[in-house]
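*Asks:* One file: input_5.cif (mmCIF, C-alpha atoms).
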data_work
loop_
_atom_site.group_PDB
_atom_site.id
_atom_site.type_symbol
_atom_site.label_atom_id
_atom_site.label_comp_id
_atom_site.auth_asym_id
_atom_site.auth_seq_id
_atom_site.Cartn_x
_atom_site.Cartn_y
_atom_site.Cartn_z
ATOM 1 C CA MET T 2 -68.567 -13.650 -2.615
ATOM 2 C CA THR T 3 -69.953 -10.431 -1.193
ATOM 3 C CA SER T 4 -66.764 -9.906 0.845
ATOM 4 C CA GLU T 5 -64.574 -10.465 -2.233
ATOM 5 C CA ARG T 6 -66.596 -7.910 -4.224
ATOM 6 C CA LYS T 7 -66.228 -5.392 -1.404
ATOM 7 C CA ASP T 8 -62.449 -5.961 -1.334
ATOM 8 C CA GLN T 9 -62.250 -5.503 -5.089
ATOM 9 C CA SER T 10 -64.312 -2.329 -4.855
ATOM 10 C CA VAL T 11 -62.069 -0.937 -2.131
ATOM 11 C CA GLY T 12 -58.986 -1.843 -4.186
ATOM 12 C CA ALA T 13 -60.360 -0.089 -7.229
ATOM 13 C CA ASP T 14 -61.125 3.029 -5.194
ATOM 14 C CA ASP T 15 -57.587 3.052 -3.794
ATOM 15 C CA ALA T 16 -56.135 2.659 -7.274
ATOM 16 C CA GLN T 17 -58.184 5.600 -8.511
ATOM 17 C CA GLU T 18 -56.990 7.735 -5.605
ATOM 18 C CA CYS T 19 -53.348 6.823 -6.260
ATOM 19 C CA ALA T 20 -53.518 7.299 -10.026
ATOM 20 C CA PRO T 21 -52.244 10.662 -11.270
ATOM 21 C CA ASN T 22 -54.745 13.194 -12.516
ATOM 22 C CA LEU T 23 -53.776 13.619 -16.157
ATOM 23 C CA GLU T 24 -55.882 16.766 -16.447
ATOM 24 C CA ASP T 25 -53.497 18.524 -14.066
ATOM 25 C CA GLY T 26 -50.516 17.703 -16.297
ATOM 26 C CA LEU T 27 -47.252 15.967 -15.408
ATOM 27 C CA GLN T 28 -44.485 17.411 -13.283
ATOM 28 C CA LEU T 29 -42.164 16.646 -16.204
ATOM 29 C CA ASP T 30 -44.009 19.151 -18.399
ATOM 30 C CA GLU T 31 -43.653 21.924 -15.835
ATOM 31 C CA ILE T 32 -39.955 21.153 -15.234
ATOM 32 C CA ASP T 33 -39.233 21.082 -18.971
ATOM 33 C CA ASP T 34 -41.091 24.346 -19.527
ATOM 34 C CA ARG T 35 -39.187 26.136 -16.754
ATOM 35 C CA LEU T 36 -35.782 24.834 -17.812
ATOM 36 C CA ASN T 37 -36.401 25.568 -21.497
ATOM 37 C CA GLN T 38 -37.603 29.046 -20.576
ATOM 38 C CA PHE T 39 -34.466 29.664 -18.537
ATOM 39 C CA ALA T 40 -32.229 28.372 -21.347
ATOM 40 C CA SER T 41 -33.866 30.736 -23.856
ATOM 41 C CA LEU T 42 -33.782 33.760 -21.529
ATOM 42 C CA ARG T 43 -30.263 33.268 -20.187
ATOM 43 C CA LYS T 44 -28.558 34.916 -23.163
ATOM 44 C CA SER T 45 -31.356 37.105 -24.507
ATOM 45 C CA ASP T 46 -32.874 38.649 -21.370
ATOM 46 C CA SER T 47 -30.725 38.411 -18.260
ATOM 47 C CA ALA T 48 -33.209 40.312 -16.087
ATOM 48 C CA ALA T 49 -36.037 37.922 -16.963
ATOM 49 C CA ALA T 50 -33.690 34.974 -16.393
ATOM 50 C CA GLU T 51 -32.847 36.316 -12.920
ATOM 51 C CA ASP T 52 -36.560 36.703 -12.134
ATOM 52 C CA LEU T 53 -37.148 33.117 -13.224
ATOM 53 C CA LEU T 54 -34.263 31.905 -11.059
ATOM 54 C CA THR T 55 -35.737 33.712 -8.074
ATOM 55 C CA GLU T 56 -39.121 32.174 -8.824
ATOM 56 C CA LEU T 57 -37.503 28.731 -8.921
ATOM 57 C CA GLY T 58 -35.927 29.369 -5.516
ATOM 58 C CA ALA T 59 -32.321 30.025 -6.572
ATOM 59 C CA SER T 60 -30.971 32.448 -3.972
ATOM 60 C CA ASP T 61 -27.177 32.301 -4.452
ATOM 61 C CA GLU T 62 -24.485 31.416 -6.984
ATOM 62 C CA VAL T 63 -24.537 27.710 -6.175
ATOM 63 C CA ASP T 64 -28.314 27.605 -6.698
ATOM 64 C CA ARG T 65 -27.930 29.376 -10.043
ATOM 65 C CA LYS T 66 -25.220 26.917 -11.061
ATOM 66 C CA ILE T 67 -27.549 24.026 -10.219
ATOM 67 C CA ILE T 68 -30.312 25.414 -12.447
ATOM 68 C CA LEU T 69 -27.794 26.048 -15.227
ATOM 69 C CA GLU T 70 -26.545 22.463 -15.085
ATOM 70 C CA LEU T 71 -30.094 21.097 -15.026
ATOM 71 C CA SER T 72 -31.033 23.136 -18.107
ATOM 72 C CA ALA T 73 -28.316 21.555 -20.299
ATOM 73 C CA PRO T 74 -30.225 20.145 -23.295
ATOM 74 C CA ARG T 75 -27.703 17.480 -24.321
ATOM 75 C CA PRO T 76 -25.702 14.789 -22.469
ATOM 76 C CA LEU T 77 -22.546 16.113 -24.169
ATOM 77 C CA GLY T 78 -21.954 19.809 -24.617
ATOM 78 C CA HIS T 79 -19.351 19.295 -27.370
ATOM 79 C CA ALA T 80 -19.888 15.818 -28.763
ATOM 80 C CA ASP T 81 -17.585 16.480 -31.735
ATOM 81 C CA ARG T 82 -14.629 17.116 -29.381
ATOM 82 C CA PHE T 83 -15.466 14.586 -26.693
ATOM 83 C CA LEU T 84 -13.474 11.562 -27.891
ATOM 84 C CA ARG T 85 -10.388 13.669 -28.558
ATOM 85 C CA THR T 86 -10.459 15.192 -25.081
ATOM 86 C CA HIS T 87 -11.162 11.789 -23.530
ATOM 87 C CA THR T 88 -8.204 10.116 -25.233
ATOM 88 C CA LEU T 89 -5.955 13.050 -24.322
ATOM 89 C CA ALA T 90 -7.016 12.816 -20.663
ATOM 90 C CA VAL T 91 -6.282 9.082 -20.608
ATOM 91 C CA ARG T 92 -2.877 9.649 -22.218
ATOM 92 C CA SER T 93 -2.049 12.310 -19.640
ATOM 93 C CA LEU T 94 -2.878 9.906 -16.797
ATOM 94 C CA GLU T 95 -0.592 7.302 -18.345
ATOM 95 C CA VAL T 96 2.272 9.804 -18.712
ATOM 96 C CA LEU T 97 1.869 11.099 -15.158
ATOM 97 C CA ASP T 98 1.719 7.606 -13.689
ATOM 98 C CA ARG T 99 4.932 6.621 -15.494
ATOM 99 C CA ASN T 100 6.984 9.754 -14.844
ATOM 100 C CA ALA T 101 5.745 10.981 -11.462
ATOM 101 C CA THR T 102 8.904 10.194 -9.501
ATOM 102 C CA ASN T 103 11.525 10.058 -12.249
ATOM 103 C CA GLY T 104 14.533 12.376 -12.093
ATOM 104 C CA ILE T 105 13.733 14.168 -8.846
ATOM 105 C CA SER T 106 16.657 16.475 -8.074
ATOM 106 C CA LEU T 107 17.706 17.388 -4.548
ATOM 107 C CA PRO T 108 20.464 19.572 -3.111
ATOM 108 C CA PRO T 109 23.501 17.633 -1.881
ATOM 109 C CA LEU T 110 22.859 16.361 1.642
ATOM 110 C CA LYS T 111 25.904 14.071 1.934
ATOM 111 C CA PHE T 112 24.946 10.775 3.580
ATOM 112 C CA LEU T 113 21.285 11.853 3.861
ATOM 113 C CA THR T 114 20.842 12.273 0.090
ATOM 114 C CA PRO T 115 19.686 8.687 -0.694
ATOM 115 C CA ILE T 116 17.278 8.662 2.275
ATOM 116 C CA ALA T 117 15.920 12.117 1.432
ATOM 117 C CA LYS T 118 15.448 11.192 -2.233
ATOM 118 C CA TRP T 119 13.559 8.031 -1.346
ATOM 119 C CA LEU T 120 11.296 9.895 1.086
ATOM 120 C CA VAL T 121 10.584 12.698 -1.409
ATOM 121 C CA GLN T 122 9.710 10.082 -4.026
ATOM 122 C CA LEU T 123 7.415 8.453 -1.482
ATOM 123 C CA VAL T 124 5.526 11.706 -0.843
ATOM 124 C CA THR T 125 5.356 12.536 -4.555
ATOM 125 C CA ASN T 126 4.146 9.063 -5.444
ATOM 126 C CA PHE T 127 1.480 9.188 -2.730
ATOM 127 C CA LEU T 128 0.085 12.517 -3.947
ATOM 128 C CA VAL T 129 0.193 11.556 -7.631
ATOM 129 C CA ARG T 130 -1.462 8.174 -7.162
ATOM 130 C CA ARG T 131 -4.162 9.673 -4.927
ATOM 131 C CA HIS T 132 -4.850 12.253 -7.615
ATOM 132 C CA VAL T 133 -4.889 9.725 -10.478
ATOM 133 C CA SER T 134 -7.281 7.513 -8.511
ATOM 134 C CA SER T 135 -9.548 10.495 -7.809
ATOM 135 C CA VAL T 136 -9.581 11.514 -11.485
ATOM 136 C CA ILE T 137 -10.384 7.956 -12.610
ATOM 137 C CA ASP T 138 -13.285 7.755 -10.138
ATOM 138 C CA SER T 139 -14.681 11.157 -11.117
ATOM 139 C CA LEU T 140 -14.484 10.449 -14.859
ATOM 140 C CA GLY T 141 -16.139 7.058 -14.367
ATOM 141 C CA ARG T 142 -19.033 8.589 -12.422
ATOM 142 C CA LEU T 143 -19.400 11.416 -14.922
ATOM 143 C CA TYR T 144 -19.431 9.186 -18.005
ATOM 144 C CA ALA T 145 -21.809 6.679 -16.405
ATOM 145 C CA SER T 146 -24.289 9.360 -15.322
ATOM 146 C CA ARG T 147 -24.250 11.063 -18.725
ATOM 147 C CA GLU T 148 -24.660 7.684 -20.431
ATOM 148 C CA ALA T 149 -27.779 7.105 -18.312
ATOM 149 C CA ASN T 150 -28.869 10.619 -19.302
ATOM 150 C CA CYS T 151 -29.094 9.624 -22.988
ATOM 151 C CA LEU T 152 -32.428 8.798 -24.581
ATOM 152 C CA PRO T 153 -32.691 5.681 -26.797
ATOM 153 C CA GLY T 154 -31.075 6.310 -30.164
ATOM 154 C CA ASP T 155 -29.045 9.275 -28.962
ATOM 155 C CA PRO T 156 -25.686 9.255 -30.842
ATOM 156 C CA ASP T 157 -23.941 10.605 -27.727
ATOM 157 C CA ARG T 158 -24.662 7.311 -25.997
ATOM 158 C CA ILE T 159 -22.190 5.388 -28.180
ATOM 159 C CA LEU T 160 -19.419 7.873 -27.376
ATOM 160 C CA LEU T 161 -20.121 7.709 -23.661
ATOM 161 C CA ILE T 162 -20.289 3.901 -23.608
ATOM 162 C CA ARG T 163 -16.850 3.694 -25.201
ATOM 163 C CA ALA T 164 -15.359 6.252 -22.819
ATOM 164 C CA ARG T 165 -16.944 4.669 -19.755
ATOM 165 C CA ARG T 166 -15.676 1.215 -20.738
ATOM 166 C CA ASP T 167 -12.191 2.653 -21.214
ATOM 167 C CA ILE T 168 -12.253 4.014 -17.677
ATOM 168 C CA ASP T 169 -13.602 0.742 -16.268
ATOM 169 C CA ARG T 170 -10.738 -1.185 -17.885
ATOM 170 C CA LEU T 171 -8.102 1.277 -16.698
ATOM 171 C CA ALA T 172 -9.332 1.651 -13.119
ATOM 172 C CA PRO T 173 -7.666 -1.503 -11.697
ATOM 173 C CA HIS T 174 -4.312 -0.476 -13.194
ATOM 174 C CA PHE T 175 -4.373 3.141 -11.986
ATOM 175 C CA LYS T 176 -6.026 2.629 -8.571
ATOM 176 C CA ARG T 177 -3.028 1.195 -6.735
ATOM 177 C CA ASN T 178 -1.480 1.522 -3.290
ATOM 178 C CA PRO T 179 -0.740 5.277 -2.979
ATOM 179 C CA LEU T 180 2.431 4.671 -0.966
ATOM 180 C CA GLY T 181 3.892 2.360 -3.564
ATOM 181 C CA ILE T 182 5.161 0.027 -0.812
ATOM 182 C CA PRO T 183 3.377 -2.269 1.659
ATOM 183 C CA ALA T 184 2.173 -0.521 4.790
ATOM 184 C CA PHE T 185 4.111 -2.852 7.092
ATOM 185 C CA LEU T 186 7.341 -2.066 5.227
ATOM 186 C CA PHE T 187 6.708 1.677 5.537
ATOM 187 C CA GLY T 188 6.095 1.248 9.247
ATOM 188 C CA GLY T 189 9.300 -0.694 9.735
ATOM 189 C CA ALA T 190 11.536 1.446 7.532
ATOM 190 C CA VAL T 191 10.268 4.936 8.379
ATOM 191 C CA LEU T 192 8.028 5.027 11.437
ATOM 192 C CA GLY T 193 10.135 2.585 13.444
ATOM 193 C CA PRO T 194 13.317 4.703 13.465
ATOM 194 C CA LEU T 195 11.306 7.868 14.166
ATOM 195 C CA VAL T 196 9.645 6.226 17.172
ATOM 196 C CA THR T 197 13.069 5.136 18.407
ATOM 197 C CA VAL T 198 14.394 8.701 18.128
ATOM 198 C CA VAL T 199 11.395 10.040 20.072
ATOM 199 C CA GLN T 200 11.860 7.431 22.791
ATOM 200 C CA ASN T 201 15.537 8.304 23.139
ATOM 201 C CA LEU T 202 14.707 11.991 23.381
ATOM 202 C CA ILE T 203 12.151 11.311 26.094
ATOM 203 C CA ALA T 204 14.661 9.185 27.992
ATOM 204 C CA SER T 205 17.232 11.979 27.840
ATOM 205 C CA SER T 206 14.828 14.583 29.204
ATOM 206 C CA SER T 207 15.861 13.738 32.770
ATOM 207 C CA ALA T 208 19.571 14.173 31.999
ATOM 208 C CA SER T 209 21.684 17.291 32.426
ATOM 209 C CA LEU T 210 20.870 20.655 30.883
ATOM 210 C CA ILE T 211 23.334 20.058 28.041
ATOM 211 C CA GLY T 212 21.729 16.692 27.309
ATOM 212 C CA GLN T 213 18.286 18.293 27.210
ATOM 213 C CA LEU T 214 19.485 21.016 24.840
ATOM 214 C CA VAL T 215 21.089 18.451 22.546
ATOM 215 C CA ALA T 216 17.897 16.409 22.547
ATOM 216 C CA ILE T 217 15.826 19.496 21.674
ATOM 217 C CA ILE T 218 18.176 20.431 18.835
ATOM 218 C CA ILE T 219 17.979 16.907 17.427
ATOM 219 C CA ALA T 220 14.175 16.956 17.682
ATOM 220 C CA ALA T 221 14.057 20.293 15.876
ATOM 221 C CA ALA T 222 16.324 18.943 13.130
ATOM 222 C CA VAL T 223 14.115 15.870 12.687
ATOM 223 C CA PHE T 224 10.923 17.972 12.486
ATOM 224 C CA LEU T 225 12.468 20.387 9.995
ATOM 225 C CA PHE T 226 13.799 17.513 7.885
ATOM 226 C CA VAL T 227 10.356 15.878 7.780
ATOM 227 C CA ALA T 228 8.732 19.205 6.892
ATOM 228 C CA TRP T 229 11.247 19.781 4.109
ATOM 229 C CA ILE T 230 10.612 16.273 2.720
ATOM 230 C CA ILE T 231 6.851 16.887 2.653
ATOM 231 C CA LEU T 232 7.257 20.341 1.103
ATOM 232 C CA ARG T 233 9.640 19.109 -1.587
ATOM 233 C CA GLY T 234 7.491 16.091 -2.442
ATOM 234 C CA ALA T 235 4.361 18.253 -2.647
ATOM 235 C CA ALA T 236 6.134 20.740 -4.936
ATOM 236 C CA VAL T 237 7.285 18.008 -7.323
ATOM 237 C CA ALA T 238 3.818 16.417 -7.390
ATOM 238 C CA ARG T 239 2.118 19.770 -8.053
ATOM 239 C CA VAL T 240 4.427 20.605 -10.966
ATOM 240 C CA ARG T 241 4.066 17.210 -12.617
ATOM 241 C CA ILE T 242 0.298 17.094 -12.207
ATOM 242 C CA ARG T 243 0.063 20.589 -13.698
ATOM 243 C CA LEU T 244 2.261 19.593 -16.656
ATOM 244 C CA THR T 245 0.352 16.394 -17.459
ATOM 245 C CA THR T 246 -3.244 15.927 -16.346
ATOM 246 C CA GLU T 247 -4.555 19.294 -15.205
ATOM 247 C CA ARG T 248 -5.493 20.791 -18.567
ATOM 248 C CA PRO T 249 -6.420 17.576 -20.435
ATOM 249 C CA VAL T 250 -8.822 16.509 -17.666
ATOM 250 C CA LEU T 251 -10.294 20.010 -17.568
ATOM 251 C CA ALA T 252 -10.766 19.854 -21.354
ATOM 252 C CA SER T 253 -12.600 16.546 -20.959
ATOM 253 C CA TYR T 254 -14.950 18.101 -18.415
ATOM 254 C CA GLN T 255 -15.528 21.046 -20.730
ATOM 255 C CA ALA T 256 -16.379 18.707 -23.620
ATOM 256 C CA VAL T 257 -18.975 16.971 -21.450
ATOM 257 C CA GLY T 258 -20.288 20.378 -20.383
ATOM 258 C CA ARG T 259 -21.957 21.749 -17.257
ATOM 259 C CA CYS T 260 -20.565 19.070 -14.958
ATOM 260 C CA GLY T 261 -18.669 21.066 -12.361
ATOM 261 C CA ASP T 262 -14.919 21.102 -11.930
ATOM 262 C CA PRO T 263 -12.476 18.178 -12.049
ATOM 263 C CA PRO T 264 -10.946 17.000 -8.757
ATOM 264 C CA LYS T 265 -7.984 18.883 -7.330
ATOM 265 C CA ASP T 266 -4.807 17.301 -6.046
ATOM 266 C CA HIS T 267 -3.764 17.502 -2.376
ATOM 267 C CA ALA T 268 -0.296 18.970 -2.947
ATOM 268 C CA ARG T 269 -1.274 22.368 -1.535
ATOM 269 C CA ILE T 270 -2.692 20.756 1.610
ATOM 270 C CA PHE T 271 0.555 18.846 2.180
ATOM 271 C CA ALA T 272 2.581 22.000 1.556
ATOM 272 C CA PHE T 273 0.439 23.855 4.106
ATOM 273 C CA ILE T 274 1.022 21.087 6.670
ATOM 274 C CA ALA T 275 4.778 21.294 6.077
ATOM 275 C CA ILE T 276 4.778 25.079 6.513
ATOM 276 C CA VAL T 277 2.767 24.777 9.730
ATOM 277 C CA LEU T 278 5.232 22.175 11.015
ATOM 278 C CA ILE T 279 8.143 24.494 10.240
ATOM 279 C CA ALA T 280 6.407 27.423 11.935
ATOM 280 C CA VAL T 281 5.546 25.393 15.041
ATOM 281 C CA THR T 282 9.120 24.094 15.271
ATOM 282 C CA GLY T 283 10.468 27.626 14.924
ATOM 283 C CA ILE T 284 8.236 28.873 17.727
ATOM 284 C CA VAL T 285 8.123 25.969 20.188
ATOM 285 C CA ILE T 286 11.787 24.893 20.165
ATOM 286 C CA PRO T 287 13.244 28.370 20.983
ATOM 287 C CA SER T 288 10.611 28.789 23.692
ATOM 288 C CA VAL T 289 11.629 25.503 25.307
ATOM 289 C CA VAL T 290 15.318 26.411 25.078
ATOM 290 C CA LEU T 291 14.667 29.773 26.728
ATOM 291 C CA ALA T 292 12.663 28.114 29.492
ATOM 292 C CA LEU T 293 15.461 25.644 30.222
ATOM 293 C CA THR T 294 18.213 28.251 30.266
ATOM 294 C CA ALA T 295 16.277 30.828 32.280
#
The structure given in the file should be rewritten as structure tokens.

*Replies:*
Amino acid sequence: MTSERKDQSVGADDAQECAPNLEDGLQLDEIDDRLNQFASLRKSDSAAAEDLLTELGASDEVDRKIILELSAPRPLGHADRFLRTHTLAVRSLEVLDRNATNGISLPPLKFLTPIAKWLVQLVTNFLVRRHVSSVIDSLGRLYASREANCLPGDPDRILLIRARRDIDRLAPHFKRNPLGIPAFLFGGAVLGPLVTVVQNLIASSSASLIGQLVAIIIAAAVFLFVAWIILRGAAVARVRIRLTTERPVLASYQAVGRCGDPPKDHARIFAFIAIVLIAVTGIVIPSVVLALTA
């Protein structure tokens, strides 16, 4: 019995040590006071707001943006416009998904036109579907986090629940294979012939000088054709994303308020890769030709 009483006494002492000291106040009170103070000073006294930011440890623009986003008083910045922007963003995703690769025009390339058109559609479809999937994921995370940010009885919660459920229902339909074809089919139809061409070029490297020059010219033509396909597909994807989803999704983010920027598409990255491939081909191939003919 004595041992049990000692254990209970020790447990009570530990509980008292772990319990918060209510006289010192809660961290929540201090955080709320600082954020409310910043929100009130931000528009009325910029110098005092800067001093408060420095006191809070914000040393650069990203730090200031973090404090600004934390100080947002409401889950939705523009609750009266939220549903309209949400429905417009969803409609834009639907329109982009349906029309991404329709009516792509190419210059006449004779027998290469059907192959080039299919490859450009492949690149465009890949970029568009990657972007749509990224937008769906970002909207789902944003709506879910702001829904969790609502207090009980907050009218914004109903709006966010509806929007989040919309995104959850749409996600399986929009998050599809970016290539639009099975990977094994892409490997057999595209990569297989390219590998064959490379193998033939390697085999011809030990032939005569004329054979080597012909092989180099063919390799240069293949590289430039691939670069042009990537560049054209990236250009089409960029235009169609800009026409459909770019502004509606941005409007949805603005209606939520203080939530960063919507995701960007990868069309510019693909265009940069294509330009680098063209530049490398233009530099390396002439250098090899000069070395062989020297």

*Asks:* Suppose a student applies the PyMOL selection byres ((chain T and resi 283-285) around 12) to this structure; what residues should they get, written as a PyMOL selection string?

*Replies:* chain T and resi 217-218+220-222+224-225+228+276-282+286-292

*Asks:* Write out as number ranges by chain the residues lying within 10 Å of Pro108 of chain T, counting only C-alpha atoms and excluding same-chain residues fewer than 4 positions away.

*Replies:* T: 114, 117-118

*Asks:* For the structure provided, state which residues fall under the PyMOL selection byres ((chain T and resi 97-103) around 9), and present them as a PyMOL selection string.

*Replies:* chain T and resi 92-96+104-105+121-123+125-126+129-130+133+175+237-238+241-242+244-246

*Asks:* Would you kindly translate the PyMOL selection byres ((chain T and resi 143) around 12) into the concrete residues it picks from this file, as a ChimeraX atom specification?

*Replies:* /T:76-77,87,136-142,144-150,161-162,164-165,168,253-264

*Asks:* Select, from T:Ile116, T:Val124, T:Cys151, T:Ile219, the residue with the minimum atom-to-atom distance to Pro179 of chain T, counting all atoms listed in the file.

*Replies:* T:Val124

*Asks:* Figure out the distance between atom CA of Arg131 of chain T and atom CA of Leu113 of chain T, please, to one decimal in Å.

*Replies:* 27.0 Å

*Asks:* I'd like the interatomic distance between atom CA of Ala268 of chain T and atom CA of Arg239 of chain T, to a tenth of an Å.

*Replies:*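 Answer for the atom CA of Ala268 of chain T to atom CA of Arg239 of chain T separation: 5.7 Å.
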
*Asks:* With all atoms listed in the file as the counted atoms, please give the residues lying no more than 8 Å from Leu84 of chain T, apart from itself and same-chain residues fewer than 4 positions off, as an mmCIF file with C-alpha atoms, keeping the file's coordinate frame.

*Replies:*
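Saved file around.cif follows:
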data_model
loop_
_atom_site.group_PDB
_atom_site.id
_atom_site.type_symbol
_atom_site.label_atom_id
_atom_site.label_comp_id
_atom_site.auth_asym_id
_atom_site.auth_seq_id
_atom_site.Cartn_x
_atom_site.Cartn_y
_atom_site.Cartn_z
ATOM 1 C CA ALA T 80 -19.888 15.818 -28.763
ATOM 2 C CA THR T 88 -8.204 10.116 -25.233
ATOM 3 C CA LEU T 160 -19.419 7.873 -27.376
ATOM 4 C CA ALA T 164 -15.359 6.252 -22.819
#

*Asks:* Once you count all atoms listed in the file, which residues end up no further than 9 Å from (8.6, 20.7, 2.6) in the file's frame, shown as a count of residues only?

*Replies:* 19

*Asks:* What is the distance between atom CA of Leu171 of chain T and atom CA of Thr86 of chain T, in Å to one decimal?

*Replies:* 16.4 Å
